[in-house]
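Participant: What follows is data-v3.tsv, made up of TSV, C-alpha atoms:
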```tsv
chain	number	residue	atom	x	y	z
A	271	MET	CA	-21.13	-8.10	5.72
A	272	ALA	CA	-19.93	-7.51	2.16
A	273	PRO	CA	-16.22	-8.20	1.53
A	274	THR	CA	-15.41	-4.50	1.56
A	275	ASP	CA	-17.14	-3.98	4.90
A	276	ARG	CA	-15.40	-7.01	6.37
A	277	SER	CA	-11.99	-5.76	5.28
A	278	PHE	CA	-12.32	-2.40	6.98
A	279	ALA	CA	-13.94	-3.90	10.05
A	280	ARG	CA	-10.95	-6.19	10.33
A	281	ARG	CA	-8.62	-3.19	10.23
A	282	ARG	CA	-10.55	-1.35	12.95
A	283	LEU	CA	-10.73	-4.32	15.32
A	284	LEU	CA	-7.03	-5.24	15.48
A	285	THR	CA	-6.01	-4.73	19.08
A	286	ALA	CA	-3.67	-2.44	20.93
A	287	THR	CA	-1.87	-5.54	22.22
A	288	ALA	CA	-0.89	-6.41	18.68
A	289	ALA	CA	0.26	-2.84	18.21
A	290	LEU	CA	2.77	-3.19	21.02
A	291	THR	CA	4.26	-6.42	19.66
A	292	GLY	CA	6.17	-4.82	16.80
A	293	ALA	CA	7.32	-1.82	18.84
A	294	ALA	CA	8.91	-3.95	21.51
A	295	LEU	CA	11.08	-5.73	18.96
A	296	LEU	CA	12.45	-2.67	17.20
A	297	GLY	CA	15.69	-1.02	18.20
A	298	GLY	CA	14.20	2.42	18.79
A	299	THR	CA	11.51	4.89	17.91
A	300	ALA	CA	12.05	7.90	15.67
A	301	GLN	CA	9.79	10.89	16.29
A	302	ALA	CA	9.56	12.14	12.74
A	303	ALA	CA	7.79	15.37	13.63
A	304	GLU	CA	10.98	16.65	15.29
A	305	THR	CA	12.77	16.86	11.94
A	306	PRO	CA	13.06	20.45	10.62
A	307	LYS	CA	10.63	21.25	7.85
A	308	GLY	CA	11.78	21.93	4.30
A	309	ALA	CA	10.45	24.44	1.80
A	310	TRP	CA	7.85	22.00	0.44
A	311	PRO	CA	4.80	21.25	2.58
A	312	ASP	CA	5.11	18.26	4.90
A	313	GLN	CA	1.33	18.07	5.22
A	314	PHE	CA	-1.42	18.92	2.75
A	315	PRO	CA	-5.14	18.20	2.40
A	316	LEU	CA	-7.02	15.82	0.17
A	317	PRO	CA	-10.65	16.47	-0.80
A	318	ASP	CA	-13.21	16.06	1.96
A	319	GLY	CA	-14.88	12.66	1.80
A	320	PHE	CA	-12.21	11.29	-0.56
A	321	GLN	CA	-11.35	8.21	1.55
A	322	PRO	CA	-7.73	7.71	0.38
A	323	GLU	CA	-5.84	4.44	0.66
A	324	GLY	CA	-3.10	4.08	-1.95
A	325	ILE	CA	-0.35	6.45	-3.10
A	326	ALA	CA	1.95	6.40	-6.13
A	327	ILE	CA	4.86	8.67	-7.02
A	328	GLY	CA	6.74	8.28	-10.29
A	329	THR	CA	9.67	10.17	-11.81
A	330	LYS	CA	8.13	13.60	-11.21
A	331	PRO	CA	7.32	15.31	-7.89
A	332	VAL	CA	3.60	14.59	-8.07
A	333	ALA	CA	1.62	12.03	-6.09
A	334	TYR	CA	-1.45	10.06	-7.11
A	335	PHE	CA	-4.10	8.88	-4.65
A	336	GLY	CA	-6.99	6.47	-5.07
A	337	SER	CA	-10.45	6.86	-3.53
A	338	LEU	CA	-12.24	4.10	-1.66
A	339	ALA	CA	-15.47	6.06	-2.01
A	340	ASN	CA	-15.86	5.99	-5.79
A	341	GLY	CA	-12.56	5.03	-7.45
A	342	ASP	CA	-11.47	8.57	-8.37
A	343	VAL	CA	-7.76	9.33	-8.79
A	344	TYR	CA	-6.44	12.60	-7.34
A	345	ARG	CA	-3.09	14.11	-8.35
A	346	ALA	CA	-1.21	16.56	-6.13
A	347	SER	CA	1.99	18.56	-6.54
A	348	LEU	CA	4.50	17.74	-3.81
A	349	ALA	CA	5.95	21.23	-4.19
A	350	THR	CA	2.70	23.03	-3.37
A	351	GLY	CA	0.29	20.42	-1.99
A	352	ARG	CA	-2.34	21.54	-4.47
A	353	GLY	CA	-4.10	19.11	-6.78
A	354	SER	CA	-7.26	17.92	-8.48
A	355	VAL	CA	-9.11	14.79	-9.57
A	356	ILE	CA	-7.58	13.65	-12.87
A	357	SER	CA	-9.58	10.47	-13.40
A	358	LYS	CA	-13.20	9.82	-12.48
A	359	GLY	CA	-13.91	6.42	-11.01
A	360	LEU	CA	-16.75	4.06	-11.82
A	361	GLY	CA	-18.70	4.98	-8.71
A	362	ALA	CA	-19.58	3.35	-5.39
A	363	GLY	CA	-18.52	-0.29	-5.24
A	364	HIS	CA	-15.57	0.33	-7.59
A	365	GLN	CA	-12.88	1.49	-5.17
A	366	THR	CA	-9.32	2.34	-6.00
A	367	VAL	CA	-7.15	0.80	-3.27
A	368	GLY	CA	-3.46	0.33	-4.16
A	369	LEU	CA	-2.09	2.01	-7.29
A	370	LYS	CA	1.23	2.36	-9.11
A	371	ILE	CA	2.47	4.43	-12.04
A	372	ASP	CA	4.71	3.00	-14.77
A	373	ARG	CA	8.28	4.20	-15.23
A	374	HIS	CA	7.30	6.34	-18.21
A	375	GLY	CA	4.66	8.18	-16.19
A	376	ARG	CA	1.97	7.34	-18.72
A	377	ARG	CA	-0.20	4.66	-17.12
A	378	LEU	CA	-1.64	3.97	-13.69
A	379	PHE	CA	-2.44	0.46	-12.50
A	380	LEU	CA	-5.32	0.37	-10.01
A	381	ALA	CA	-6.41	-2.34	-7.57
A	382	GLY	CA	-10.19	-2.34	-7.49
A	383	GLY	CA	-10.89	-3.57	-3.97
A	384	GLY	CA	-14.23	-5.27	-3.45
A	385	SER	CA	-15.16	-4.93	-7.13
A	386	GLY	CA	-12.57	-7.62	-7.92
A	387	GLU	CA	-11.36	-5.40	-10.76
A	388	ILE	CA	-7.98	-4.36	-12.06
A	389	ARG	CA	-8.08	-1.09	-14.01
A	390	THR	CA	-5.55	0.86	-16.04
A	391	VAL	CA	-5.76	4.62	-16.53
A	392	ASP	CA	-4.11	6.89	-19.09
A	393	VAL	CA	-2.38	9.53	-16.97
A	394	ARG	CA	-2.55	12.29	-19.58
A	395	SER	CA	-6.24	11.96	-20.45
A	396	GLY	CA	-7.48	10.46	-17.19
A	397	GLU	CA	-9.50	7.94	-19.18
A	398	ILE	CA	-9.91	4.39	-17.91
A	399	GLU	CA	-8.22	2.28	-20.59
A	400	LYS	CA	-9.20	-1.23	-19.56
A	401	VAL	CA	-11.08	-3.02	-16.81
A	402	TYR	CA	-10.07	-6.59	-16.02
A	403	ALA	CA	-12.32	-8.91	-14.03
A	404	THR	CA	-10.27	-11.19	-11.77
A	405	GLY	CA	-13.08	-13.11	-10.12
A	406	GLY	CA	-11.43	-12.09	-6.87
A	407	THR	CA	-12.91	-10.91	-3.61
A	408	PHE	CA	-10.79	-7.88	-2.63
A	409	VAL	CA	-7.98	-6.78	-4.96
A	410	ASN	CA	-5.83	-4.78	-2.57
A	411	ASP	CA	-2.35	-3.71	-3.63
A	412	VAL	CA	-0.05	-3.71	-6.66
A	413	ILE	CA	3.64	-3.71	-7.56
A	414	LEU	CA	5.18	-3.38	-11.00
A	415	THR	CA	7.95	-5.68	-12.23
A	416	PRO	CA	9.52	-5.85	-15.71
A	417	GLY	CA	6.74	-7.05	-17.97
A	418	ALA	CA	4.01	-7.50	-15.34
A	419	ALA	CA	1.88	-5.91	-12.64
A	420	TRP	CA	1.22	-8.06	-9.56
A	421	PHE	CA	-1.85	-7.69	-7.33
A	422	THR	CA	-2.81	-9.15	-3.95
A	423	ASP	CA	-6.25	-10.48	-2.95
A	424	SER	CA	-6.98	-10.04	0.74
A	425	PHE	CA	-9.54	-12.87	0.99
A	426	GLN	CA	-8.10	-15.43	-1.44
A	427	PRO	CA	-4.71	-17.22	-1.29
A	428	ARG	CA	-3.59	-16.01	-4.71
A	429	LEU	CA	-1.93	-13.23	-6.65
A	430	TYR	CA	-2.97	-11.77	-9.99
A	431	LYS	CA	-0.36	-11.24	-12.68
A	432	LEU	CA	-1.30	-8.71	-15.36
A	433	THR	CA	0.64	-8.77	-18.62
A	434	GLY	CA	-0.14	-7.83	-22.21
A	435	ALA	CA	-1.79	-11.23	-22.56
A	436	GLY	CA	-4.28	-10.53	-19.75
A	437	VAL	CA	-4.69	-11.62	-16.12
A	438	GLU	CA	-3.20	-14.86	-14.78
A	439	THR	CA	-4.06	-16.23	-11.34
A	440	VAL	CA	-1.11	-17.52	-9.30
A	441	PRO	CA	-2.15	-19.61	-6.24
A	442	LEU	CA	-0.16	-19.04	-3.04
A	443	THR	CA	1.24	-22.21	-1.45
A	444	GLY	CA	4.18	-23.20	0.76
A	445	ASP	CA	4.17	-21.32	4.06
A	446	TRP	CA	1.14	-19.25	3.08
A	447	VAL	CA	-1.68	-19.54	5.63
A	448	GLN	CA	-4.99	-17.98	4.62
A	449	GLY	CA	-7.16	-16.65	7.42
A	450	ASP	CA	-10.94	-16.56	7.51
A	451	ASP	CA	-10.81	-12.82	7.11
A	452	PHE	CA	-8.41	-10.11	5.88
A	453	THR	CA	-5.03	-11.74	5.09
A	454	ALA	CA	-2.87	-10.48	2.19
A	455	ASN	CA	-2.11	-6.78	1.97
A	456	GLY	CA	0.95	-4.89	0.68
A	457	ILE	CA	3.29	-6.20	-2.00
A	458	GLU	CA	6.86	-5.34	-3.06
A	459	ARG	CA	9.88	-6.87	-4.81
A	460	THR	CA	12.90	-8.36	-3.08
A	461	PRO	CA	16.11	-6.30	-3.30
A	462	ASP	CA	17.54	-8.66	-5.94
A	463	GLY	CA	14.31	-8.46	-7.94
A	464	ARG	CA	13.90	-12.23	-8.15
A	465	ALA	CA	10.88	-12.64	-5.89
A	466	LEU	CA	7.93	-10.81	-4.37
A	467	LEU	CA	7.30	-9.77	-0.77
A	468	VAL	CA	3.71	-9.93	0.53
A	469	VAL	CA	2.25	-8.98	3.91
A	470	ASN	CA	0.28	-11.80	5.57
A	471	ALA	CA	-1.67	-10.14	8.40
A	472	PHE	CA	-2.94	-13.49	9.71
A	473	ALA	CA	-0.14	-16.07	9.76
A	474	ASP	CA	1.82	-16.30	13.02
A	475	GLY	CA	0.60	-12.94	14.25
A	476	GLY	CA	1.56	-11.05	11.10
A	477	THR	CA	4.38	-12.07	8.77
A	478	LEU	CA	6.20	-11.04	5.64
A	479	GLU	CA	6.22	-13.74	2.96
A	480	ARG	CA	8.71	-14.14	0.12
A	481	VAL	CA	6.85	-15.47	-2.93
A	482	ASP	CA	8.43	-17.16	-5.94
A	483	PRO	CA	6.62	-15.49	-8.87
A	484	ARG	CA	7.02	-18.57	-11.08
A	485	THR	CA	5.40	-21.04	-8.69
A	486	GLY	CA	3.53	-19.04	-6.03
A	487	VAL	CA	5.42	-20.86	-3.28
A	488	ALA	CA	5.69	-18.61	-0.22
A	489	ARG	CA	8.30	-18.74	2.53
A	490	ALA	CA	8.14	-16.66	5.70
A	491	VAL	CA	10.83	-13.99	5.88
A	492	ASP	CA	12.93	-14.15	9.05
A	493	LEU	CA	12.34	-10.77	10.72
A	494	GLY	CA	14.05	-11.73	13.95
A	495	GLY	CA	10.79	-12.23	15.80
A	496	ALA	CA	9.15	-8.96	14.73
A	497	LYS	CA	5.47	-9.18	13.79
A	498	ILE	CA	3.50	-7.05	11.34
A	499	PRO	CA	-0.18	-7.72	12.19
A	500	ASN	CA	-1.18	-4.30	10.87
A	501	GLY	CA	1.21	-4.38	7.91
A	502	ASP	CA	-0.24	-2.51	4.95
A	503	GLY	CA	1.77	-0.66	2.31
A	504	LEU	CA	5.36	-1.69	1.62
A	505	LEU	CA	8.16	0.42	0.15
A	506	LEU	CA	11.62	-0.90	-0.71
A	507	LEU	CA	14.47	1.58	-1.18
A	508	GLY	CA	17.68	-0.31	-1.82
A	509	ARG	CA	17.67	-2.90	0.95
A	510	ILE	CA	15.61	-0.79	3.35
A	511	LEU	CA	12.00	-1.94	3.65
A	512	TYR	CA	9.36	0.40	5.08
A	513	VAL	CA	6.28	-1.39	6.45
A	514	VAL	CA	3.30	0.81	7.26
A	515	GLN	CA	1.60	-0.56	10.39
A	516	GLN	CA	-1.56	1.40	9.85
A	517	GLN	CA	-3.58	0.84	13.02
A	518	GLN	CA	-0.42	1.41	15.05
A	519	ASN	CA	0.21	4.80	13.43
A	520	ALA	CA	3.77	3.75	12.71
A	521	ILE	CA	6.24	2.69	10.04
A	522	ASP	CA	8.49	-0.24	10.95
A	523	VAL	CA	11.80	-0.21	9.10
A	524	PHE	CA	13.86	-3.30	8.26
A	525	ARG	CA	17.16	-3.92	6.50
A	526	LEU	CA	16.85	-6.94	4.20
A	527	ASN	CA	19.41	-9.23	2.67
A	528	ALA	CA	19.58	-9.25	-1.14
A	529	ALA	CA	17.33	-12.29	-1.54
A	530	GLY	CA	14.71	-10.92	0.85
A	531	THR	CA	14.80	-14.03	3.03
A	532	LYS	CA	15.92	-12.22	6.19
A	533	GLY	CA	15.37	-8.79	7.69
A	534	THR	CA	16.72	-6.89	10.69
A	535	ALA	CA	14.58	-4.33	12.48
A	536	ILE	CA	16.18	-0.87	12.44
A	537	VAL	CA	13.72	1.64	13.84
A	538	ARG	CA	10.06	2.56	14.18
A	539	ILE	CA	8.93	5.90	12.76
A	540	THR	CA	6.02	7.58	14.52
A	541	ASP	CA	4.45	10.99	14.14
A	542	PRO	CA	1.57	12.69	15.99
A	543	ARG	CA	0.06	13.62	12.62
A	544	PHE	CA	-0.46	9.97	11.66
A	545	ARG	CA	-4.18	9.13	11.56
A	546	ILE	CA	-4.16	5.53	10.35
A	547	PRO	CA	-1.76	5.92	7.41
A	548	THR	CA	-2.01	3.04	4.97
A	549	THR	CA	0.58	3.27	2.22
A	550	VAL	CA	3.84	5.05	1.52
A	551	ALA	CA	5.82	6.43	-1.41
A	552	ALA	CA	9.05	8.42	-1.59
A	553	TRP	CA	10.37	11.53	-3.25
A	554	GLY	CA	13.81	12.94	-2.47
A	555	SER	CA	14.54	12.33	1.20
A	556	GLN	CA	10.88	12.30	2.23
A	557	LEU	CA	8.24	9.61	2.71
A	558	TYR	CA	4.63	10.52	1.90
A	559	LEU	CA	1.65	8.77	3.50
A	560	PRO	CA	-2.11	9.31	3.11
A	561	ASN	CA	-4.10	9.22	6.33
A	562	ALA	CA	-6.98	6.81	5.72
A	563	ARG	CA	-8.67	7.47	9.09
A	564	PHE	CA	-10.15	3.98	9.38
A	565	ASP	CA	-10.97	4.79	13.02
A	566	VAL	CA	-13.85	7.08	12.02
A	567	GLU	CA	-17.03	6.47	10.04
A	568	PRO	CA	-16.49	8.19	6.67
A	569	THR	CA	-18.91	10.92	5.57
A	570	PRO	CA	-18.82	13.35	2.62
A	571	ASP	CA	-17.42	15.95	5.04
A	572	THR	CA	-14.68	13.82	6.62
A	573	GLU	CA	-11.31	15.55	6.30
A	574	TYR	CA	-8.31	13.69	4.88
A	575	ASP	CA	-4.70	14.66	4.41
A	576	VAL	CA	-1.18	13.55	3.49
A	577	VAL	CA	1.87	13.79	5.73
A	578	ALA	CA	5.57	13.66	4.91
A	579	VAL	CA	8.31	12.35	7.20
A	580	PRO	CA	12.07	11.93	6.60
A	581	GLN	CA	13.47	8.66	5.33
A	582	VAL	CA	15.75	6.65	7.60
```
Can the structure in the file be given as structure tokens, please?

Facilitator:
Amino acid sequence: MAPTDRSFARRRLLTATAALTGAALLGGTAQAAETPKGAWPDQFPLPDGFQPEGIAIGTKPVAYFGSLANGDVYRASLATGRGSVISKGLGAGHQTVGLKIDRHGRRLFLAGGGSGEIRTVDVRSGEIEKVYATGGTFVNDVILTPGAAWFTDSFQPRLYKLTGAGVETVPLTGDWVQGDDFTANGIERTPDGRALLVVNAFADGGTLERVDPRTGVARAVDLGGAKIPNGDGLLLLGRILYVVQQQQNAIDVFRLNAAGTKGTAIVRITDPRFRIPTTVAAWGSQLYLPNARFDVEPTPDTEYDVVAVPQV
């Protein structure tokens, strides 16, 4: 199968046994749906057939979503749930997977999935500014740091560093173990900002790796025995790390030390509205997650939505 097909097949085939591993190691389970609803919607639709994966929220209460179907970017108001496509993608084979918005709210950084592309989009005009070819197999997720945007590749042991000078490839070494299939996924910064955190869905049943951005040397984060085989999007708020375990329909929550070398499991967030959520972003006291629905075969009529749950 093509790299894109292999990646989603990998996500569908991860077992229920793996799903139980993380739950057993967490201190408790929070049923998010029991939290009283606020004035803003805690669930709203995305366009039929959109095939969402990534989410980005900046300094305003609007969320951006990327399409696996054709690379479109959809923007929705968190206050009303209403939105529209603000940037047209390059078509089939040019997905938008992970995405982030810069701190000025002017530019989106898009991971191009199986196209191997990195793209930047002007938020105001919706125009694609630049397309960078990485030579990669599946550019999956992105995090912004001062002066750079960092991207994972799910089928290659390397990161891509985008700066004003272009794209640099940073090989992953140290504790990094590359599987034959889908391996790297979500990416974040450590609480002290000195290193990167990357999901490795293959190594030791699913690990979190701390990566030195200067050298690419990876070291497994001590999570007290917890595994993240379905780890997808990451979100760090202070020292609290949210790990979306997509096939498990759950968010596992850890408290990290400043260096990001050790984490303690706090709680697992579940919700009956989760339908294979993939990534997470925050606004106010809420977490927002798109339901990717990787358990169904996508069609132009497949329904997709976004759900909000309270932060820990």

Participant: Can you tell me which residues surround Arg509 of chain A at a distance of at most 10 Å, considering only C-alpha atoms, apart from same-chain residues fewer than 6 positions away, and format the answer as number ranges by chain?

Facilitator: A: 460-462, 524-530, 533

Participant: Between atom CA of Phe408 of chain A and atom CA of Ala552 of chain A, measure the distance and give it in Å to one decimal.

Facilitator: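 Going from atom CA of Phe408 of chain A over to atom CA of Ala552 of chain A, I get 25.7 Å.
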
Participant: Hey, can you pull every residue with an atom no more than 12 Å from (-11.3, -11.8, -1.6), using all atoms listed in the file, and send it as a VMD selection string?

Facilitator: chain A and resid 272 to 277 382 to 387 404 to 410 421 to 430 448 to 455

Participant: Between A:Val576, A:Val582, A:Ala473, A:Leu380, which one has atoms that come closest to Phe314 of chain A, using only C-alpha atoms?

Facilitator: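 Among A:Val576, A:Val582, A:Ala473, A:Leu380, it is A:Val576 that comes nearest to Phe314 of chain A.
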
Participant: Edge lengths and centre in Å to one decimal, as lines of an AutoDock Vina configuration file, is what I'm after for the box along x, y and z that holds all listed atoms of segment 489-501 of chain A once 6 Å is added on each side.

Facilitator:
```
center_x = 6.4
center_y = -11.5
center_z = 9.2
size_x = 27.2
size_y = 26.4
size_z = 25.3
```
